[in-house]
Amino acid sequence: MTITELRKKFIEGSYTPLDAYTDTRATIDAKDQDIHAFLDVYDDGRESAEKATNIYKEKGEETPLLLGMPLAIKNNILIKGKKATAASKILENYIAPYDATVITRLKEQGAVFVGSTNLDEFAMGSSTENSAFGLTKNPVDPTRVPGGSSGGSAAAVAMGAAVASLGTDTGGSVRLPASFCGVVGFKPTYGRVSRSGLIAMGSSLDQAGTLTNSVRDAEILFNSINGKDPLDATTINVDTYSQVRAKDTYRIGIPRDFLSNEGMDPDVLQVFNDTIENLSKVGHEIVDISLPLMRKGLAAYYIVMPAEVSSNLARYDGVRFGLHVDGDSLLEDYMKTRAEGFGDEVKRRILLGTYVLSAGYYDAYYGKAEHLRTMMREELLQVYKNVDLIMTPTAPTPAFKIGEKSDPLSMYLADIFTVPVNLTGVPAISIPAGTVDRDGISLPVGVQYIAPHAGDERLFDFGKKIYDEGVMQSE
Amino acid sequence: MKREDIEHLAKLSRIAVTDAEADDLAKDITSILGYVGEIEEITSSSEIEKKVGPLFNVMREDENPHESGLFTEDLLNLVPERDGPYVKVKKIIGDKA
């Protein structure tokens, strides 16, 4: 079911927002004990659904596009009066005192929030196994991870417990779970969507993104949440970047050198190559491009991101909000609170970030990594003189087994194709492209399309075309 | 990276670690630093200015303040230890210092 389809029924009155809410709750009751996509389910969703039902009766087509749509929200996005835990013990009882800007905008449209979804603690992970409140399973194959860190948001949409959801994407956290769960995952241009009210991880990388059942739905959701926000000084203006136009057919660059890495699954590569062939059949032009710096992206990411994590998470001190563990002195309060409140991966990244920012190492690590980011942006700018879009697999593998990646570094490699996008700030979308067979189960595989800065609308135009032209699975 | 290095970083990060945790962290962080070390190969070219995106200062007019105290109670309710309108904190300057 898509937003577009629901909307049609809501207007006709053959199915109401209240029906949708009731069915959504039934789905959650039936499936979520096993999948655990949700951390909280909101009973007051019924009230907004009832209200929406009445407004449709009165106003029909004159209503906002998201009125009455049952949405799930990643639990690092603040909804006033609801728990915002970021799946961390340190925020276990934290009640959001205000709405994130994206939530304010969804509320203005009359969207219905069905619940908050699970994530890797503070969005740090690629599998949703790092949640302090238990892992989330992949609805396609419950022995596998849903991807992360927005694993709960992806699983919720994939199992029909929400028509769409919001996630956050710092290094691939919307696109990777979208690929693993077989839904559309969209990460906007950095600065197009306000970060006000998102629990910060890496401030120069974070962006709210959407998980939906169609490209058109991603566009609808994006249109309602984007725009300049006085509460986030990094939101951009319409003229910050030059205009990126939609086209009839697109010239698509394939970074072949980037694809030949040792972790690349041959079946996933096959799905990718089949997609290329289909795109070419329907008239898009495919060219080989070289992006030698992208391969270094993951290394730069694991310097820049932990550096920003170490400073952003300094605020969890047990004094102003969140968990407090008492010690003999103020210093001991800090040490004990943070030792007890943070999980292993969070500690690892804070320490790593503290290291790369410390005197004597700053230039060798953080300085170099920031320099590399600039060089990567230059490299992209050059390539976009020649192509309209860049295409890669979203992830090198399909969803992996729960517990399979115990070594942190092997987990990080799942994000090799997605992190360069965040480092450079461009928009990207993961669209289901096919499946690979594992133990008799068809696991979804996504393909990632990357546009130039502010090319979000081009991605929607292209994505809708390839759906319409039947290149991918039908909408 | 040794256990002592981790203990130093942990202190800077205000996170207490046990010996076992420190040993695990030493192993993991050494391996991660080995991987990110490939960034060393990047030769700095002075022509490229070091910057992240189109950076500029964003200012706003200092006007329309909200009503004083509007959010005070909401925020104080989140404080682990409060004393009336105050946030309670242990004394910062220790006896030994």
# chains A, B, ... in the order shown; residues from 1 in each chain; ligands from 1
call {"tool": "select_by_dssp", "arguments": {"residues": "stretch 2-92 of chain B", "states": "strand (DSSP E)", "output": "list in words"}}
result
Arg82, Asp83, Tyr86 and Val87 of chain B
call {"tool": "write_last_selection", "arguments": {"atoms": "N, CA and C atoms", "output": "PDB file, in the first residue's frame"}}
result
ATOM      1  N   ARG B  82      17.039  18.136  41.129  1.00  0.00           N
ATOM      2  CA  ARG B  82      16.781  19.570  41.159  1.00  0.00           C
ATOM      3  C   ARG B  82      16.440  20.010  42.569  1.00  0.00           C
ATOM      4  N   ASP B  83      16.607  21.292  42.781  1.00  0.00           N
ATOM      5  CA  ASP B  83      16.259  21.871  44.065  1.00  0.00           C
ATOM      6  C   ASP B  83      15.461  23.130  43.739  1.00  0.00           C
ATOM      7  N   TYR B  86      16.482  25.257  40.760  1.00  0.00           N
ATOM      8  CA  TYR B  86      17.905  25.059  40.490  1.00  0.00           C
ATOM      9  C   TYR B  86      18.207  23.627  40.051  1.00  0.00           C
ATOM     10  N   VAL B  87      19.254  23.495  39.223  1.00  0.00           N
ATOM     11  CA  VAL B  87      19.806  22.189  38.887  1.00  0.00           C
ATOM     12  C   VAL B  87      20.844  21.872  39.952  1.00  0.00           C
TER      13      VAL B  87
END
call {"tool": "interface_residues", "arguments": {"of": "chain B", "to": "chain A", "cutoff": "8 Å", "atoms": "only C-alpha atoms", "output": "PyMOL selection string"}}
result
chain B and resi 6+9-17+25+28-29+31-32+35-40+42+44+48-53+58+74-76+78-81+87-92+94
call {"tool": "residues_around", "arguments": {"residues": "stretch 18-33 of chain A", "least_positions_apart": "5", "cutoff": "8 Å", "atoms": "only C-alpha atoms", "output": "list in words"}}
result
Phe38, Gly45, Arg46, Ala49, Glu50, Ala52, Thr53, Gly68, Met69, Pro70, Val112, Val114, Met159, Gly160, Ala161 and Ala162 of chain A
call {"tool": "write_last_selection", "arguments": {"atoms": "C-alpha atoms", "output": "PDB file, in the first residue's frame"}}
result
ATOM      1  CA  PHE A  38       8.673  -0.495  17.509  1.00  0.00           C
ATOM      2  CA  GLY A  45      -2.893   7.921  17.166  1.00  0.00           C
ATOM      3  CA  ARG A  46      -6.535   6.834  17.219  1.00  0.00           C
ATOM      4  CA  ALA A  49      -7.048   9.214  12.897  1.00  0.00           C
ATOM      5  CA  GLU A  50     -10.630   9.965  13.951  1.00  0.00           C
ATOM      6  CA  ALA A  52      -8.568  13.017   9.975  1.00  0.00           C
ATOM      7  CA  THR A  53     -11.509  10.793   9.049  1.00  0.00           C
ATOM      8  CA  GLY A  68      -4.536  10.589   8.154  1.00  0.00           C
ATOM      9  CA  MET A  69      -1.464   8.701   6.888  1.00  0.00           C
ATOM     10  CA  PRO A  70      -0.172   6.227   9.515  1.00  0.00           C
ATOM     11  CA  VAL A 112      -1.002  10.033  12.292  1.00  0.00           C
ATOM     12  CA  VAL A 114       1.516   5.075  15.073  1.00  0.00           C
ATOM     13  CA  MET A 159       5.696  -5.406   7.342  1.00  0.00           C
ATOM     14  CA  GLY A 160       2.818  -3.028   6.689  1.00  0.00           C
ATOM     15  CA  ALA A 161       2.790  -1.444  10.149  1.00  0.00           C
ATOM     16  CA  ALA A 162       3.039   2.051   8.660  1.00  0.00           C
TER      17      ALA A 162
END
call {"tool": "atom_distance", "arguments": {"atom1": "atom CA of A:Ile450", "atom2": "atom CA of A:Ala246"}}
result
13.8 Å
call {"tool": "atom_distance", "arguments": {"atom1": "atom CA of A:Val145", "atom2": "atom CA of A:Val471"}}
result
27.3 Å
call {"tool": "select_by_dssp", "arguments": {"residues": "chain B", "states": "helix (DSSP H, G or I)", "output": "PyMOL selection string"}}
result
chain B and resi 3-12+19-41+72-76
call {"tool": "write_last_selection", "arguments": {"atoms": "N, CA and C atoms", "output": "CSV table (one decimal), in the first residue's frame"}}
result
chain,number,residue,atom,x,y,z
B,3,ARG,N,46.5,-0.7,27.0
B,3,ARG,CA,45.4,-0.5,28.0
B,3,ARG,C,45.5,0.9,28.6
B,4,GLU,N,46.8,1.3,28.9
B,4,GLU,CA,47.0,2.6,29.5
B,4,GLU,C,46.5,3.8,28.6
B,5,ASP,N,46.7,3.6,27.2
B,5,ASP,CA,46.3,4.6,26.3
B,5,ASP,C,44.8,4.7,26.3
B,6,ILE,N,44.1,3.6,26.4
B,6,ILE,CA,42.6,3.6,26.4
B,6,ILE,C,42.2,4.2,27.7
B,7,GLU,N,42.8,3.9,28.8
B,7,GLU,CA,42.4,4.5,30.1
B,7,GLU,C,42.5,6.0,30.1
B,8,HIS,N,43.6,6.5,29.4
B,8,HIS,CA,43.7,7.9,29.3
B,8,HIS,C,42.6,8.5,28.4
B,9,LEU,N,42.3,7.9,27.3
B,9,LEU,CA,41.2,8.4,26.4
B,9,LEU,C,39.9,8.3,27.1
B,10,ALA,N,39.7,7.3,27.9
B,10,ALA,CA,38.4,7.1,28.6
B,10,ALA,C,38.3,8.2,29.7
B,11,LYS,N,39.4,8.6,30.3
B,11,LYS,CA,39.3,9.7,31.3
B,11,LYS,C,38.9,11.0,30.6
B,12,LEU,N,39.6,11.2,29.4
B,12,LEU,CA,39.3,12.4,28.7
B,12,LEU,C,37.8,12.4,28.2
B,19,ASP,N,39.1,-3.1,33.3
B,19,ASP,CA,40.3,-3.6,32.6
B,19,ASP,C,39.9,-4.4,31.4
B,20,ALA,N,38.9,-5.2,31.6
B,20,ALA,CA,38.5,-6.1,30.4
B,20,ALA,C,38.0,-5.2,29.3
B,21,GLU,N,37.2,-4.2,29.6
B,21,GLU,CA,36.7,-3.3,28.6
B,21,GLU,C,37.8,-2.6,27.9
B,22,ALA,N,38.8,-2.1,28.7
B,22,ALA,CA,39.9,-1.4,28.1
B,22,ALA,C,40.7,-2.3,27.1
B,23,ASP,N,40.9,-3.6,27.5
B,23,ASP,CA,41.6,-4.5,26.6
B,23,ASP,C,40.8,-4.7,25.3
B,24,ASP,N,39.5,-4.8,25.4
B,24,ASP,CA,38.7,-5.0,24.1
B,24,ASP,C,38.8,-3.7,23.3
B,25,LEU,N,38.6,-2.6,23.9
B,25,LEU,CA,38.6,-1.3,23.2
B,25,LEU,C,40.0,-1.1,22.5
B,26,ALA,N,41.1,-1.5,23.2
B,26,ALA,CA,42.4,-1.3,22.6
B,26,ALA,C,42.5,-2.1,21.4
B,27,LYS,N,42.0,-3.4,21.4
B,27,LYS,CA,42.1,-4.2,20.2
B,27,LYS,C,41.2,-3.6,19.1
B,28,ASP,N,40.0,-3.2,19.4
B,28,ASP,CA,39.1,-2.7,18.4
B,28,ASP,C,39.6,-1.4,17.8
B,29,ILE,N,40.0,-0.5,18.6
B,29,ILE,CA,40.5,0.8,18.2
B,29,ILE,C,41.7,0.7,17.3
B,30,THR,N,42.6,-0.2,17.7
B,30,THR,CA,43.8,-0.4,17.0
B,30,THR,C,43.5,-0.9,15.5
B,31,SER,N,42.5,-1.8,15.5
B,31,SER,CA,42.1,-2.3,14.2
B,31,SER,C,41.4,-1.2,13.3
B,32,ILE,N,40.6,-0.4,13.9
B,32,ILE,CA,39.9,0.7,13.2
B,32,ILE,C,41.0,1.7,12.7
B,33,LEU,N,41.9,2.1,13.6
B,33,LEU,CA,42.9,3.0,13.2
B,33,LEU,C,43.8,2.5,12.1
B,34,GLY,N,44.0,1.2,12.1
B,34,GLY,CA,44.7,0.6,11.0
B,34,GLY,C,44.0,0.8,9.7
B,35,TYR,N,42.7,0.7,9.7
B,35,TYR,CA,41.9,0.9,8.5
B,35,TYR,C,41.9,2.3,8.1
B,36,VAL,N,41.6,3.2,9.0
B,36,VAL,CA,41.4,4.6,8.6
B,36,VAL,C,42.8,5.2,8.3
B,37,GLY,N,43.9,4.5,8.7
B,37,GLY,CA,45.2,5.0,8.4
B,37,GLY,C,45.5,5.2,6.9
B,38,GLU,N,44.7,4.5,6.1
B,38,GLU,CA,44.9,4.7,4.6
B,38,GLU,C,44.7,6.1,4.1
B,39,ILE,N,44.1,6.9,5.0
B,39,ILE,CA,44.0,8.3,4.7
B,39,ILE,C,45.3,9.0,4.6
B,40,GLU,N,46.3,8.4,5.2
B,40,GLU,CA,47.7,9.0,5.2
B,40,GLU,C,48.2,9.1,3.8
B,41,GLU,N,47.7,8.3,2.9
B,41,GLU,CA,48.2,8.3,1.5
B,41,GLU,C,47.7,9.6,0.8
B,72,THR,N,10.8,26.8,31.3
B,72,THR,CA,11.6,26.5,32.4
B,72,THR,C,11.1,25.2,33.1
B,73,GLU,N,9.8,25.1,33.4
B,73,GLU,CA,9.3,23.9,34.1
B,73,GLU,C,9.5,22.6,33.3
B,74,ASP,N,9.2,22.7,32.0
B,74,ASP,CA,9.4,21.5,31.1
B,74,ASP,C,10.8,21.0,31.1
B,75,LEU,N,11.8,21.9,31.1
B,75,LEU,CA,13.2,21.5,31.1
B,75,LEU,C,13.7,21.1,32.5
B,76,LEU,N,13.2,21.8,33.5
B,76,LEU,CA,13.6,21.4,34.9
B,76,LEU,C,13.0,20.0,35.2
call {"tool": "decode", "arguments": {"residues": "stretch 55-86 of chain B", "atoms": "N, CA, C and O atoms", "output": "short mmCIF file (atom, residue, chain, number, x, y, z; two decimals), in the first residue's frame"}}
result
data_model
loop_
_atom_site.label_atom_id
_atom_site.label_comp_id
_atom_site.auth_asym_id
_atom_site.auth_seq_id
_atom_site.Cartn_x
_atom_site.Cartn_y
_atom_site.Cartn_z
N LEU B 55 30.31 27.04 3.33
CA LEU B 55 30.18 27.48 4.72
C LEU B 55 30.17 29.00 4.84
O LEU B 55 30.99 29.67 4.24
N PHE B 56 29.26 29.49 5.60
CA PHE B 56 29.22 30.92 5.88
C PHE B 56 28.47 31.10 7.19
O PHE B 56 27.72 30.21 7.61
N ASN B 57 28.69 32.22 7.81
CA ASN B 57 28.00 32.49 9.06
C ASN B 57 26.53 32.77 8.82
O ASN B 57 26.17 33.43 7.86
N VAL B 58 25.70 32.23 9.68
CA VAL B 58 24.27 32.51 9.57
C VAL B 58 23.85 33.29 10.82
O VAL B 58 24.02 32.79 11.93
N MET B 59 23.38 34.48 10.63
CA MET B 59 22.97 35.31 11.76
C MET B 59 21.46 35.55 11.68
O MET B 59 20.88 35.46 10.62
N ARG B 60 20.89 35.87 12.83
CA ARG B 60 19.50 36.30 12.80
C ARG B 60 19.36 37.54 13.65
O ARG B 60 20.22 37.82 14.50
N GLU B 61 18.29 38.25 13.44
CA GLU B 61 18.01 39.42 14.26
C GLU B 61 17.75 38.96 15.68
O GLU B 61 17.14 37.93 15.91
N ASP B 62 18.24 39.75 16.62
CA ASP B 62 18.01 39.42 18.02
C ASP B 62 16.69 40.07 18.43
O ASP B 62 16.66 41.16 19.00
N GLU B 63 15.61 39.40 18.11
CA GLU B 63 14.30 40.01 18.35
C GLU B 63 13.28 38.95 18.73
O GLU B 63 13.57 37.75 18.68
N ASN B 64 12.09 39.39 19.06
CA ASN B 64 10.99 38.50 19.43
C ASN B 64 11.34 37.39 20.41
O ASN B 64 11.16 36.21 20.11
N PRO B 65 11.89 37.74 21.56
CA PRO B 65 12.18 36.68 22.52
C PRO B 65 10.87 36.07 23.02
O PRO B 65 9.83 36.76 23.04
N HIS B 66 10.91 34.79 23.37
CA HIS B 66 9.68 34.21 23.91
C HIS B 66 9.50 34.69 25.35
O HIS B 66 10.44 35.15 25.99
N GLU B 67 8.32 34.54 25.82
CA GLU B 67 7.97 34.94 27.17
C GLU B 67 8.90 34.26 28.17
O GLU B 67 9.14 33.05 28.07
N SER B 68 9.43 35.02 29.11
CA SER B 68 10.38 34.47 30.07
C SER B 68 9.74 33.33 30.89
O SER B 68 8.60 33.45 31.33
N GLY B 69 10.47 32.24 31.05
CA GLY B 69 10.00 31.14 31.88
C GLY B 69 9.06 30.17 31.20
O GLY B 69 8.59 29.22 31.81
N LEU B 70 8.82 30.39 29.92
CA LEU B 70 7.85 29.58 29.18
C LEU B 70 8.21 28.09 29.19
O LEU B 70 7.36 27.22 29.28
N PHE B 71 9.53 27.81 29.10
CA PHE B 71 9.97 26.42 28.99
C PHE B 71 10.66 25.91 30.26
O PHE B 71 11.11 24.78 30.32
N THR B 72 10.77 26.79 31.26
CA THR B 72 11.57 26.46 32.44
C THR B 72 11.12 25.17 33.10
O THR B 72 11.93 24.27 33.36
N GLU B 73 9.83 25.06 33.35
CA GLU B 73 9.33 23.89 34.09
C GLU B 73 9.50 22.61 33.27
O GLU B 73 9.91 21.59 33.79
N ASP B 74 9.23 22.69 31.95
CA ASP B 74 9.41 21.53 31.07
C ASP B 74 10.84 21.02 31.14
O ASP B 74 11.08 19.81 31.19
N LEU B 75 11.78 21.94 31.11
CA LEU B 75 13.19 21.54 31.08
C LEU B 75 13.65 21.07 32.45
O LEU B 75 14.38 20.09 32.56
N LEU B 76 13.20 21.77 33.50
CA LEU B 76 13.61 21.36 34.86
C LEU B 76 13.05 19.99 35.22
O LEU B 76 13.65 19.25 35.99
N ASN B 77 11.91 19.66 34.64
CA ASN B 77 11.33 18.34 34.91
C ASN B 77 12.22 17.20 34.41
O ASN B 77 12.07 16.06 34.83
N LEU B 78 13.11 17.52 33.48
CA LEU B 78 13.99 16.49 32.92
C LEU B 78 15.29 16.35 33.71
O LEU B 78 16.08 15.45 33.47
N VAL B 79 15.52 17.26 34.64
CA VAL B 79 16.77 17.27 35.39
C VAL B 79 16.76 16.13 36.43
O VAL B 79 15.79 15.99 37.17
N PRO B 80 17.82 15.31 36.45
CA PRO B 80 17.84 14.20 37.40
C PRO B 80 17.73 14.65 38.87
O PRO B 80 17.03 14.03 39.66
N GLU B 81 18.46 15.71 39.22
CA GLU B 81 18.37 16.20 40.61
C GLU B 81 18.17 17.70 40.60
O GLU B 81 19.02 18.45 40.12
N ARG B 82 17.04 18.14 41.13
CA ARG B 82 16.78 19.57 41.16
C ARG B 82 16.44 20.01 42.57
O ARG B 82 16.06 19.20 43.42
N ASP B 83 16.61 21.29 42.78
CA ASP B 83 16.26 21.87 44.07
C ASP B 83 15.46 23.13 43.74
O ASP B 83 16.05 24.17 43.42
N GLY B 84 14.15 23.02 43.75
CA GLY B 84 13.31 24.14 43.34
C GLY B 84 13.64 24.53 41.92
O GLY B 84 13.65 23.68 41.03
N PRO B 85 13.96 25.81 41.71
CA PRO B 85 14.27 26.24 40.34
C PRO B 85 15.73 26.01 39.95
O PRO B 85 16.19 26.53 38.95
N TYR B 86 16.48 25.26 40.76
CA TYR B 86 17.90 25.06 40.49
C TYR B 86 18.21 23.63 40.05
O TYR B 86 17.55 22.67 40.48
#
